[in-house]
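Student: Coordinates in model.cif, mmCIF, C-alpha atoms and all ligand atoms; chains and numbers go by the auth columns, are listed below.
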data_query
#
loop_
_atom_site.group_PDB
_atom_site.id
_atom_site.type_symbol
_atom_site.label_atom_id
_atom_site.label_comp_id
_atom_site.label_asym_id
_atom_site.label_seq_id
_atom_site.Cartn_x
_atom_site.Cartn_y
_atom_site.Cartn_z
_atom_site.B_iso_or_equiv
_atom_site.auth_seq_id
_atom_site.auth_asym_id
ATOM 1 C CA MET A 1 19.605 4.709 37.437 0.00 1 Q
ATOM 2 C CA GLU A 2 16.664 6.661 35.958 0.00 2 Q
ATOM 3 C CA SER A 3 14.150 7.853 38.547 0.00 3 Q
ATOM 4 C CA PHE A 4 11.248 7.161 36.196 0.00 4 Q
ATOM 5 C CA TYR A 5 10.138 4.213 34.095 0.00 5 Q
ATOM 6 C CA ILE A 6 8.291 3.802 30.828 0.00 6 Q
ATOM 7 C CA ARG A 7 8.633 1.043 28.240 0.00 7 Q
ATOM 8 C CA VAL A 8 6.975 0.889 24.840 0.00 8 Q
ATOM 9 C CA GLU A 9 6.742 -2.185 22.615 0.00 9 Q
ATOM 10 C CA LYS A 10 5.030 -2.181 19.239 0.00 10 Q
ATOM 11 C CA VAL A 11 2.678 -5.119 18.869 0.00 11 Q
ATOM 12 C CA ASP A 12 1.252 -4.341 15.448 0.00 12 Q
ATOM 13 C CA GLU A 13 0.736 -1.662 12.859 0.00 13 Q
ATOM 14 C CA ALA A 14 -1.635 -1.604 9.889 0.00 14 Q
ATOM 15 C CA GLY A 15 -3.289 0.530 7.254 0.00 15 Q
ATOM 16 C CA TYR A 16 -0.508 2.272 5.338 0.00 16 Q
ATOM 17 C CA ARG A 17 -1.403 0.734 1.959 0.00 17 Q
ATOM 18 C CA ALA A 18 -5.147 1.330 2.502 0.00 18 Q
ATOM 19 C CA ALA A 19 -4.489 4.926 3.557 0.00 19 Q
ATOM 20 C CA LEU A 20 -2.491 5.524 0.355 0.00 20 Q
ATOM 21 C CA GLN A 21 -5.257 3.929 -1.731 0.00 21 Q
ATOM 22 C CA GLY A 22 -7.732 6.334 -0.133 0.00 22 Q
ATOM 23 C CA LEU A 23 -5.432 9.218 -0.952 0.00 23 Q
ATOM 24 C CA ALA A 24 -5.187 7.973 -4.540 0.00 24 Q
ATOM 25 C CA HIS A 25 -9.012 8.145 -4.870 0.00 25 Q
ATOM 26 C CA ASN A 26 -8.885 11.662 -3.593 0.00 26 Q
ATOM 27 C CA LYS A 27 -6.165 12.685 -6.024 0.00 27 Q
ATOM 28 C CA LYS A 28 -7.320 10.399 -8.890 0.00 28 Q
ATOM 29 C CA GLN A 29 -3.818 8.963 -9.152 0.00 29 Q
ATOM 30 C CA GLU A 30 -2.043 5.632 -8.699 0.00 30 Q
ATOM 31 C CA THR A 31 -1.575 4.319 -5.156 0.00 31 Q
ATOM 32 C CA GLU A 32 2.144 3.746 -5.799 0.00 32 Q
ATOM 33 C CA LYS A 33 2.696 7.474 -6.275 0.00 33 Q
ATOM 34 C CA MET A 34 0.976 8.463 -3.052 0.00 34 Q
ATOM 35 C CA SER A 35 3.819 8.018 -0.537 0.00 35 Q
ATOM 36 C CA VAL A 36 5.328 11.372 -1.554 0.00 36 Q
ATOM 37 C CA VAL A 37 1.906 13.067 -1.383 0.00 37 Q
ATOM 38 C CA ALA A 38 1.252 11.473 2.030 0.00 38 Q
ATOM 39 C CA LYS A 39 4.475 12.922 3.414 0.00 39 Q
ATOM 40 C CA LYS A 40 3.468 16.403 2.230 0.00 40 Q
ATOM 41 C CA LEU A 41 -0.100 16.179 3.559 0.00 41 Q
ATOM 42 C CA ALA A 42 0.812 14.620 6.928 0.00 42 Q
ATOM 43 C CA THR A 43 1.667 17.987 8.462 0.00 43 Q
ATOM 44 C CA LEU A 44 -1.521 19.707 7.236 0.00 44 Q
ATOM 45 C CA ASP A 45 -4.145 19.561 9.983 0.00 45 Q
ATOM 46 C CA GLY A 46 -7.659 20.857 9.393 0.00 46 Q
ATOM 47 C CA GLY A 47 -8.802 18.048 7.096 0.00 47 Q
ATOM 48 C CA HIS A 48 -5.917 17.429 4.704 0.00 48 Q
ATOM 49 C CA ASN A 49 -4.219 14.727 6.779 0.00 49 Q
ATOM 50 C CA LYS A 50 -7.354 12.658 7.430 0.00 50 Q
ATOM 51 C CA PHE A 51 -5.623 9.630 5.848 0.00 51 Q
ATOM 52 C CA LEU A 52 -3.595 9.324 9.091 0.00 52 Q
ATOM 53 C CA GLU A 53 -6.820 8.133 10.765 0.00 53 Q
ATOM 54 C CA SER A 54 -6.663 4.967 8.610 0.00 54 Q
ATOM 55 C CA MET A 55 -3.231 4.029 9.926 0.00 55 Q
ATOM 56 C CA ILE A 56 -3.547 2.117 13.201 0.00 56 Q
ATOM 57 C CA LEU A 57 -0.906 1.290 15.778 0.00 57 Q
ATOM 58 C CA TRP A 58 -1.006 -1.125 18.709 0.00 58 Q
ATOM 59 C CA LEU A 59 1.491 -0.301 21.471 0.00 59 Q
ATOM 60 C CA ASP A 60 2.093 -2.330 24.634 0.00 60 Q
ATOM 61 C CA VAL A 61 3.076 0.257 27.222 0.00 61 Q
ATOM 62 C CA ARG A 62 4.266 -0.231 30.807 0.00 62 Q
ATOM 63 C CA ALA A 63 4.160 2.963 32.839 0.00 63 Q
ATOM 64 C CA PRO A 64 3.162 4.303 36.277 0.00 64 Q
ATOM 65 C CA ARG A 65 -0.450 5.014 37.070 0.00 65 Q
ATOM 66 C CA TYR A 66 0.114 8.782 37.365 0.00 66 Q
ATOM 67 C CA TRP A 67 1.262 8.812 33.735 0.00 67 Q
ATOM 68 C CA TRP A 68 -1.702 6.735 32.576 0.00 68 Q
ATOM 69 C CA GLN A 69 -3.955 9.298 34.216 0.00 69 Q
ATOM 70 C CA GLU A 70 -2.588 11.900 31.797 0.00 70 Q
ATOM 71 C CA ALA A 71 -2.590 9.482 28.833 0.00 71 Q
ATOM 72 C CA ASP A 72 -6.296 8.841 29.415 0.00 72 Q
ATOM 73 C CA THR A 73 -7.110 12.403 28.358 0.00 73 Q
ATOM 74 C CA PHE A 74 -6.433 11.309 24.766 0.00 74 Q
ATOM 75 C CA ARG A 75 -9.928 10.141 23.990 0.00 75 Q
ATOM 76 C CA LEU A 76 -9.586 9.060 20.371 0.00 76 Q
ATOM 77 C CA SER A 77 -7.894 5.761 21.164 0.00 77 Q
ATOM 78 C CA SER A 78 -8.604 2.486 22.942 0.00 78 Q
ATOM 79 C CA LYS A 79 -6.857 0.735 25.834 0.00 79 Q
ATOM 80 C CA GLN A 80 -6.896 -2.698 27.430 0.00 80 Q
ATOM 81 C CA SER A 81 -5.179 -2.815 30.817 0.00 81 Q
ATOM 82 C CA GLU A 82 -3.890 -5.243 33.408 0.00 82 Q
ATOM 83 C CA SER A 83 -6.364 -5.513 36.264 0.00 83 Q
ATOM 84 C CA THR A 84 -5.128 -3.983 39.507 0.00 84 Q
ATOM 85 C CA MET A 85 -7.930 -5.830 41.310 0.00 85 Q
ATOM 86 C CA HIS A 86 -7.504 -9.448 40.266 0.00 86 Q
ATOM 87 C CA THR A 87 -3.923 -9.821 39.041 0.00 87 Q
ATOM 88 C CA LEU A 88 -2.281 -7.717 41.708 0.00 88 Q
ATOM 89 C CA THR A 89 -4.247 -9.231 44.591 0.00 89 Q
ATOM 90 C CA ALA A 90 -3.247 -12.752 43.569 0.00 90 Q
ATOM 91 C CA GLU A 91 0.396 -11.779 42.989 0.00 91 Q
ATOM 92 C CA LEU A 92 0.599 -9.972 46.326 0.00 92 Q
ATOM 93 C CA GLN A 93 -0.890 -12.867 48.252 0.00 93 Q
ATOM 94 C CA ALA A 94 1.892 -15.101 46.900 0.00 94 Q
ATOM 95 C CA VAL A 95 4.690 -12.882 48.259 0.00 95 Q
ATOM 96 C CA ASP A 96 6.421 -14.077 51.452 0.00 96 Q
ATOM 97 C CA MET A 97 6.836 -10.803 53.330 0.00 97 Q
ATOM 98 C CA ASN A 98 9.566 -12.330 55.516 0.00 98 Q
ATOM 99 C CA ASP A 99 11.738 -12.926 52.458 0.00 99 Q
ATOM 100 C CA ALA A 100 13.495 -9.537 52.040 0.00 100 Q
ATOM 101 C CA ALA A 101 15.006 -10.417 48.670 0.00 101 Q
ATOM 102 C CA ARG A 102 11.613 -11.510 47.287 0.00 102 Q
ATOM 103 C CA VAL A 103 9.998 -8.317 48.618 0.00 103 Q
ATOM 104 C CA GLU A 104 12.713 -6.164 47.027 0.00 104 Q
ATOM 105 C CA ASN A 105 12.305 -8.050 43.757 0.00 105 Q
ATOM 106 C CA PHE A 106 8.529 -7.591 43.775 0.00 106 Q
ATOM 107 C CA ILE A 107 8.946 -3.854 44.363 0.00 107 Q
ATOM 108 C CA THR A 108 11.480 -3.490 41.534 0.00 108 Q
ATOM 109 C CA GLU A 109 9.246 -5.377 39.098 0.00 109 Q
ATOM 110 C CA ASN A 110 6.025 -3.570 39.947 0.00 110 Q
ATOM 111 C CA PHE A 111 6.873 -0.008 40.968 0.00 111 Q
ATOM 112 C CA GLU A 112 8.842 2.954 39.689 0.00 112 Q
ATOM 113 C CA PRO A 113 12.092 3.578 41.630 0.00 113 Q
ATOM 114 C CA ASN A 114 11.493 5.190 45.041 0.00 114 Q
ATOM 115 C CA SER A 115 7.706 4.878 44.890 0.00 115 Q
ATOM 116 C CA CYS A 116 7.093 1.905 47.183 0.00 116 Q
ATOM 117 C CA SER A 117 9.022 1.015 50.350 0.00 117 Q
ATOM 118 C CA PRO A 118 8.999 -2.496 51.905 0.00 118 Q
ATOM 119 C CA GLU A 119 6.834 -1.004 54.690 0.00 119 Q
ATOM 120 C CA THR A 120 4.290 0.272 52.179 0.00 120 Q
ATOM 121 C CA LEU A 121 4.232 -3.094 50.409 0.00 121 Q
ATOM 122 C CA LYS A 122 3.633 -4.795 53.750 0.00 122 Q
ATOM 123 C CA TRP A 123 0.703 -2.456 54.336 0.00 123 Q
ATOM 124 C CA ILE A 124 -0.793 -3.330 50.933 0.00 124 Q
ATOM 125 C CA HIS A 125 -0.013 -7.015 51.466 0.00 125 Q
ATOM 126 C CA GLU A 126 -2.128 -7.007 54.642 0.00 126 Q
ATOM 127 C CA ALA A 127 -5.092 -5.701 52.632 0.00 127 Q
ATOM 128 C CA ALA A 128 -4.453 -8.398 49.992 0.00 128 Q
ATOM 129 C CA GLN A 129 -4.482 -11.109 52.664 0.00 129 Q
ATOM 130 C CA GLN A 130 -7.910 -9.811 53.736 0.00 130 Q
ATOM 131 C CA LYS A 131 -8.953 -9.752 50.035 0.00 131 Q
ATOM 132 C CA ASP A 132 -9.921 -6.136 50.675 0.00 132 Q
ATOM 133 C CA ILE A 133 -9.859 -4.803 47.130 0.00 133 Q
ATOM 134 C CA ILE A 134 -10.875 -1.242 48.031 0.00 134 Q
ATOM 135 C CA GLU A 135 -8.054 -0.964 50.604 0.00 135 Q
ATOM 136 C CA ILE A 136 -5.525 -2.317 48.088 0.00 136 Q
ATOM 137 C CA LYS A 137 -6.584 0.288 45.539 0.00 137 Q
ATOM 138 C CA LYS A 138 -6.498 3.097 48.112 0.00 138 Q
ATOM 139 C CA LYS A 139 -3.044 2.138 49.329 0.00 139 Q
ATOM 140 C CA LEU A 140 -1.448 1.441 45.965 0.00 140 Q
ATOM 141 C CA PRO A 141 1.201 4.124 45.238 0.00 141 Q
ATOM 142 C CA GLU A 142 0.852 6.212 42.076 0.00 142 Q
ATOM 143 C CA GLY A 143 4.203 4.776 40.979 0.00 143 Q
ATOM 144 C CA PHE A 144 2.615 1.333 40.466 0.00 144 Q
ATOM 145 C CA LEU A 145 3.533 0.119 36.974 0.00 145 Q
ATOM 146 C CA GLN A 146 0.620 -0.932 34.838 0.00 146 Q
ATOM 147 C CA THR A 147 0.816 -2.469 31.370 0.00 147 Q
ATOM 148 C CA ARG A 148 -1.798 -1.508 28.836 0.00 148 Q
ATOM 149 C CA MET A 149 -2.347 -2.188 25.156 0.00 149 Q
ATOM 150 C CA TRP A 150 -2.875 1.228 23.592 0.00 150 Q
ATOM 151 C CA CYS A 151 -4.469 1.251 20.168 0.00 151 Q
ATOM 152 C CA MET A 152 -4.440 4.562 18.336 0.00 152 Q
ATOM 153 C CA SER A 153 -4.260 6.046 14.865 0.00 153 Q
ATOM 154 C CA TYR A 154 -1.324 7.981 13.458 0.00 154 Q
ATOM 155 C CA LYS A 155 -3.624 11.027 13.675 0.00 155 Q
ATOM 156 C CA THR A 156 -3.994 10.628 17.440 0.00 156 Q
ATOM 157 C CA LEU A 157 -0.259 10.003 17.775 0.00 157 Q
ATOM 158 C CA ARG A 158 0.477 13.154 15.766 0.00 158 Q
ATOM 159 C CA ASN A 159 -1.759 15.200 18.063 0.00 159 Q
ATOM 160 C CA LEU A 160 -0.129 13.612 21.119 0.00 160 Q
ATOM 161 C CA ILE A 161 3.427 14.338 19.948 0.00 161 Q
ATOM 162 C CA LEU A 162 2.657 17.983 19.192 0.00 162 Q
ATOM 163 C CA GLN A 163 1.067 18.445 22.622 0.00 163 Q
ATOM 164 C CA ARG A 164 3.485 16.425 24.757 0.00 164 Q
ATOM 165 C CA ARG A 165 7.016 16.576 23.315 0.00 165 Q
ATOM 166 C CA THR A 166 7.917 19.487 25.588 0.00 166 Q
ATOM 167 C CA HIS A 167 5.855 18.312 28.567 0.00 167 Q
ATOM 168 C CA ARG A 168 7.435 18.626 32.030 0.00 168 Q
ATOM 169 C CA LEU A 169 6.848 14.958 32.842 0.00 169 Q
ATOM 170 C CA PRO A 170 9.909 13.198 31.290 0.00 170 Q
ATOM 171 C CA HIS A 171 7.835 10.091 30.533 0.00 171 Q
ATOM 172 C CA TRP A 172 6.191 11.891 27.610 0.00 172 Q
ATOM 173 C CA LYS A 173 9.429 12.665 25.828 0.00 173 Q
ATOM 174 C CA GLU A 174 10.618 9.109 26.451 0.00 174 Q
ATOM 175 C CA PHE A 175 7.294 7.649 25.257 0.00 175 Q
ATOM 176 C CA ILE A 176 7.581 9.678 22.041 0.00 176 Q
ATOM 177 C CA ARG A 177 11.268 8.797 21.566 0.00 177 Q
ATOM 178 C CA GLN A 178 10.664 5.057 21.927 0.00 178 Q
ATOM 179 C CA THR A 179 7.518 5.135 19.776 0.00 179 Q
ATOM 180 C CA LEU A 180 9.190 7.026 16.921 0.00 180 Q
ATOM 181 C CA GLU A 181 11.888 4.343 16.856 0.00 181 Q
ATOM 182 C CA LEU A 182 9.257 1.603 16.572 0.00 182 Q
ATOM 183 C CA VAL A 183 6.785 2.889 13.993 0.00 183 Q
ATOM 184 C CA ASP A 184 7.117 1.981 10.314 0.00 184 Q
ATOM 185 C CA HIS A 185 6.409 5.517 9.084 0.00 185 Q
ATOM 186 C CA PRO A 186 8.086 8.137 11.297 0.00 186 Q
ATOM 187 C CA GLU A 187 8.228 10.358 8.194 0.00 187 Q
ATOM 188 C CA LEU A 188 4.474 10.947 8.647 0.00 188 Q
ATOM 189 C CA LEU A 189 4.843 12.112 12.251 0.00 189 Q
ATOM 190 C CA PRO A 190 6.303 15.191 13.961 0.00 190 Q
ATOM 191 C CA GLY A 191 9.793 14.737 15.415 0.00 191 Q
ATOM 192 C CA LEU A 192 10.769 14.898 19.065 0.00 192 Q
ATOM 193 C CA THR A 193 12.123 18.388 18.504 0.00 193 Q
ATOM 194 C CA HIS A 194 10.502 21.255 16.638 0.00 194 Q
ATOM 195 C CA GLU A 195 11.532 21.318 12.979 0.00 195 Q
ATOM 196 C CA LYS A 196 12.943 24.632 11.798 0.00 196 Q
ATOM 197 C CA LYS A 197 10.901 26.171 8.976 0.00 197 Q
ATOM 198 C CA SER A 198 13.059 26.618 5.868 0.00 198 Q
HETATM 199 C C1 LIG B . 0.162 20.938 29.906 0.00 201 Q
HETATM 200 C C2 LIG B . -1.187 20.254 29.853 0.00 201 Q
HETATM 201 C C3 LIG B . -2.029 20.322 30.947 0.00 201 Q
HETATM 202 C C4 LIG B . -3.285 19.709 30.928 0.00 201 Q
HETATM 203 N N1 LIG B . -4.079 19.787 32.006 0.00 201 Q
HETATM 204 C C5 LIG B . -5.298 19.219 31.987 0.00 201 Q
HETATM 205 C C6 LIG B . -6.159 19.317 33.117 0.00 201 Q
HETATM 206 O O1 LIG B . -5.811 19.934 34.133 0.00 201 Q
HETATM 207 N N2 LIG B . -7.372 18.723 33.058 0.00 201 Q
HETATM 208 C C7 LIG B . -7.792 18.055 31.929 0.00 201 Q
HETATM 209 O O2 LIG B . -8.921 17.548 31.922 0.00 201 Q
HETATM 210 N N3 LIG B . -7.009 17.932 30.855 0.00 201 Q
HETATM 211 C C8 LIG B . -5.784 18.505 30.851 0.00 201 Q
HETATM 212 N N4 LIG B . -4.961 18.401 29.774 0.00 201 Q
HETATM 213 C C9 LIG B . -5.400 17.534 28.683 0.00 201 Q
HETATM 214 C C10 LIG B . -5.854 18.263 27.453 0.00 201 Q
HETATM 215 O O3 LIG B . -6.843 19.140 27.764 0.00 201 Q
HETATM 216 C C11 LIG B . -6.382 17.266 26.382 0.00 201 Q
HETATM 217 O O4 LIG B . -7.585 16.694 26.801 0.00 201 Q
HETATM 218 C C12 LIG B . -5.427 16.154 26.081 0.00 201 Q
HETATM 219 O O5 LIG B . -4.149 16.631 25.851 0.00 201 Q
HETATM 220 C C13 LIG B . -5.952 15.343 24.866 0.00 201 Q
HETATM 221 O O6 LIG B . -5.908 16.171 23.726 0.00 201 Q
HETATM 222 P P1 LIG B . -7.051 16.168 22.663 0.00 201 Q
HETATM 223 O O7 LIG B . -8.346 16.537 23.262 0.00 201 Q
HETATM 224 O O8 LIG B . -6.526 17.042 21.557 0.00 201 Q
HETATM 225 O O9 LIG B . -7.007 14.630 22.144 0.00 201 Q
HETATM 226 P P2 LIG B . -8.183 13.609 21.882 0.00 201 Q
HETATM 227 O O10 LIG B . -8.995 13.453 23.096 0.00 201 Q
HETATM 228 O O11 LIG B . -7.538 12.380 21.324 0.00 201 Q
HETATM 229 O O12 LIG B . -9.039 14.342 20.786 0.00 201 Q
HETATM 230 C C14 LIG B . -8.521 14.575 19.470 0.00 201 Q
HETATM 231 C C15 LIG B . -9.413 15.545 18.747 0.00 201 Q
HETATM 232 O O13 LIG B . -10.759 15.094 18.713 0.00 201 Q
HETATM 233 C C16 LIG B . -11.634 16.058 19.291 0.00 201 Q
HETATM 234 N N5 LIG B . -12.637 15.364 20.099 0.00 201 Q
HETATM 235 C C17 LIG B . -12.393 14.384 20.991 0.00 201 Q
HETATM 236 N N6 LIG B . -13.538 13.993 21.566 0.00 201 Q
HETATM 237 C C18 LIG B . -14.507 14.757 21.020 0.00 201 Q
HETATM 238 C C19 LIG B . -15.919 14.840 21.204 0.00 201 Q
HETATM 239 N N7 LIG B . -16.546 14.065 22.087 0.00 201 Q
HETATM 240 N N8 LIG B . -16.594 15.752 20.496 0.00 201 Q
HETATM 241 C C20 LIG B . -15.965 16.542 19.617 0.00 201 Q
HETATM 242 N N9 LIG B . -14.644 16.524 19.381 0.00 201 Q
HETATM 243 C C21 LIG B . -13.929 15.642 20.083 0.00 201 Q
HETATM 244 C C22 LIG B . -10.750 16.966 20.133 0.00 201 Q
HETATM 245 O O14 LIG B . -11.239 18.279 20.216 0.00 201 Q
HETATM 246 C C23 LIG B . -9.424 16.934 19.402 0.00 201 Q
HETATM 247 O O15 LIG B . -9.405 17.900 18.357 0.00 201 Q
HETATM 248 C C24 LIG B . -3.715 19.011 29.768 0.00 201 Q
HETATM 249 C C25 LIG B . -2.854 18.956 28.667 0.00 201 Q
HETATM 250 C C26 LIG B . -1.606 19.552 28.696 0.00 201 Q
HETATM 251 C C27 LIG B . -0.719 19.459 27.487 0.00 201 Q
#
Just dump the structure as structure tokens.
Ligand SMILES: Cc1cc2nc3c(=O)[nH]c(=O)nc-3n(C[C@H](O)[C@H](O)[C@H](O)COP(=O)(O)OP(=O)(O)OC[C@H]3O[C@@H](n4cnc5c(N)ncnc54)[C@H](O)[C@@H]3O)c2cc1C

Tutor:
Amino acid sequence: MESFYIRVEKVDEAGYRAALQGLAHNKKQETEKMSVVAKKLATLDGGHNKFLESMILWLDVRAPRYWWQEADTFRLSSKQSESTMHTLTAELQAVDMNDAARVENFITENFEPNSCSPETLKWIHEAAQQKDIIEIKKKLPEGFLQTRMWCMSYKTLRNLILQRRTHRLPHWKEFIRQTLELVDHPELLPGLTHEKKS
């Protein structure tokens, strides 16, 4: 079993046709001919690949909080997250701590492997029973899995891939791998490995 967890689902993607139409204005050519031009320009940072900003992607990502902390440094994007305060408190209050199987199930569903023991969950559960939101937040392990809708442009994703594909945290490589399998236009993005210059 993997010691880390990250799951990416694509919810929506838009803007390819509009981005090509914008490129066509720029080149004074027909939109239909722009897909080849787009592929050539996609790798040229410094202004030439601005059309990637018109292509928007919505990803539903479930990952541990310590990974989200790093993901939050990408500022040119928008996120909507599950609330640790309201949702988690209610879910925790419903758990019967004397039911070992239910406790184990709750841990598996909500935490990365090896990040929350039954004892730790009991500790958090006590805070939830008191409706002590600050204590819940303080006690919640960094391996707590949070789902967020991450909306970003292909330009932001390009920047992210170039910066993170060799990152030490394995989640980044896995995030990139899953995302590249989901997007409609991987040809406009860097690969998981460095391309050799011919
Ligand atoms: C190995 C590693 C270690 C790191 N360690 C740390 C760390 O210790 N602490 C830390 O804070 N970060 C750290 N970072 C994060 C890093 O500094 C970047 O913030 C992060 O990778 C996002 O990259 P970005 O700024 O290019 O992306 P984005 O935030 O998406 O920005 C994209 C582009 O827009 C520009 N931009 C964004 N906002 C503005 C603005 N307000 N005004 C003008 N231009 C703007 C950026 O310069 C960039 O060119 C680390 C990154 C790596 C890869």

Student: Taking a cut-off of 7 Å and counting all atoms listed in the file, can you build a table that, for each residue of chain Q near ligand LIG 201 (chain Q), reports the nearest atom pair and how far apart they are in Å (one decimal), sorted by chain then residue number, as a tab-separated table?

Tutor:
residue	atom	partner	partner_atom	distance
Q:Thr73	CA	Q:LIG201	O4	4.6
Q:Phe74	CA	Q:LIG201	O10	3.7
Q:Arg75	CA	Q:LIG201	O10	3.6
Q:Leu76	CA	Q:LIG201	O11	4.0
Q:Ser77	CA	Q:LIG201	O11	6.6
Q:Thr156	CA	Q:LIG201	O11	5.5
Q:Asn159	CA	Q:LIG201	O8	6.2
Q:Leu160	CA	Q:LIG201	O6	6.8
Q:Gln163	CA	Q:LIG201	C27	5.3
Q:Arg164	CA	Q:LIG201	C27	5.9
Q:His167	CA	Q:LIG201	C1	6.4

Student: Compile a residue-level contact table for range 141-162 of chain Q against range 112-132 of chain Q at a cut-off of 9 Å, reporting for every qualifying residue the shortest atom pair and its distance in Å to one decimal, with only C-alpha atoms counted, rows ordered by chain and ascending number, as a tab-separated table.

Tutor:
residue	atom	partner	partner_atom	distance
Q:Pro141	CA	Q:Ser115	CA	6.6
Q:Glu142	CA	Q:Ser115	CA	7.5
Q:Gly143	CA	Q:Glu112	CA	5.1
Q:Phe144	CA	Q:Glu112	CA	6.5
Q:Leu145	CA	Q:Glu112	CA	6.6

Student: Name the residues captured by the PyMOL selection byres (((chain Q and resi 15) around 8) and not hetatm) when it is applied to the shown file; answer as a PDB file with C-alpha atoms, keeping the file's coordinate frame.

Tutor:
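What follows is the written file expr.pdb:
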ATOM      1  CA  GLU Q  13       0.736  -1.662  12.859  1.00  0.00           C
ATOM      2  CA  ALA Q  14      -1.635  -1.604   9.889  1.00  0.00           C
ATOM      3  CA  TYR Q  16      -0.508   2.272   5.338  1.00  0.00           C
ATOM      4  CA  ARG Q  17      -1.403   0.734   1.959  1.00  0.00           C
ATOM      5  CA  ALA Q  18      -5.147   1.330   2.502  1.00  0.00           C
ATOM      6  CA  ALA Q  19      -4.489   4.926   3.557  1.00  0.00           C
ATOM      7  CA  SER Q  54      -6.663   4.967   8.610  1.00  0.00           C
ATOM      8  CA  MET Q  55      -3.231   4.029   9.926  1.00  0.00           C
ATOM      9  CA  ILE Q  56      -3.547   2.117  13.201  1.00  0.00           C
TER      10      ILE Q  56
END

Student: To test your reading of the syntax: which residues would the PyMOL selection byres (((chain Q and resi 96) around 12) and not hetatm) return for the file shown? Reply as a ChimeraX atom specification.

Tutor: /Q:91-95,97-106,118,121-122,125-126,129

Student: Interatomic distance between CA of Tyr5 in chain Q and CA of Ile161 in chain Q?

Tutor: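 Here the two named atoms are 18.6 Å from each other.
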
Student: Of the candidates Q:Lys79, Q:Lys137, Q:His86, Q:His171, which shows the shortest atom-to-atom distance to Cys151 in chain Q, using all atoms listed in the file?

Tutor: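 Smallest separation from Cys151 in chain Q among the options: Q:Lys79.
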
Student: Do you know which residues the PyMOL selection byres (((chain Q and resi 181-184) around 9) and not hetatm) returns on this file, as number ranges by chain?

Tutor: Q: 8-10, 13, 57, 176-180, 185-187

Student: Which residues, written as a list in words, have at least one atom at most 10 Å from Asn49 in chain Q, with only C-alpha atoms counted and residues fewer than 6 positions away on the same chain left out?

Tutor: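 Residues near the query, excluding close chain neighbours: Leu23, Ala38, Lys39, Lys40, Leu41, Ala42, Thr43, Tyr154, Lys155 and Leu188 of chain Q.
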
Student: Please, could you write that set of residues out with C-alpha atoms as a compact mmCIF listing (two decimals), in the coordinates of the input?

Tutor:
# COMPACT_ATOMS: atom_id res chain seq x y z
CA LEU Q 23 -5.43 9.22 -0.95
CA ALA Q 38 1.25 11.47 2.03
CA LYS Q 39 4.47 12.92 3.41
CA LYS Q 40 3.47 16.40 2.23
CA LEU Q 41 -0.10 16.18 3.56
CA ALA Q 42 0.81 14.62 6.93
CA THR Q 43 1.67 17.99 8.46
CA TYR Q 154 -1.32 7.98 13.46
CA LYS Q 155 -3.62 11.03 13.68
CA LEU Q 188 4.47 10.95 8.65

Student: Grab the CA of Trp172 in chain Q to CA of Tyr66 in chain Q distance for me, in Å with one decimal place.

Tutor: 11.9 Å

Student: What gap, in Å, lies between CA of Val61 in chain Q and CA of His194 in chain Q?

Tutor: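 For CA of Val61 in chain Q relative to CA of His194 in chain Q, the distance reads 24.7 Å.
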
Student: Of the candidates Q:Leu169, Q:Arg7, Q:Leu192, Q:Ile133, which one gets nearest to Gln146 in chain Q if we count all atoms listed in the file?

Tutor: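 Comparing Q:Leu169, Q:Arg7, Q:Leu192, Q:Ile133 against Gln146 in chain Q, the winner is Q:Arg7.
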
Student: Taking into account only C-alpha atoms, which residue in the set Q:Glu135, Q:Glu82, Q:Glu174, Q:Glu109 is nearest to Asp60 in chain Q?

Tutor: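 Closest candidate: Q:Glu82.
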
Student: Give me the residues within 9 Å of Glu32 in chain Q as a PyMOL selection string, counting only C-alpha atoms and dropping any in the same chain fewer than 4 places off.

Tutor: chain Q and resi 20-21+24

Student: Box for range 53-57 of chain Q - axis-aligned, 3 Å on each of the six sides, all listed atoms - centre and size in Å to one decimal, as JSON.

Tutor:
{"center_x": -3.9, "center_y": 4.7, "center_z": 12.2, "size_x": 11.9, "size_y": 12.8, "size_z": 13.2}

Student: Using only C-alpha atoms, find the one residue out of Q:Trp150, Q:Phe111, Q:Phe51, Q:Phe4 that sits nearest to Asp72 in chain Q.

Tutor: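 Using only C-alpha atoms, the shortest distance to Asp72 in chain Q belongs to Q:Trp150.
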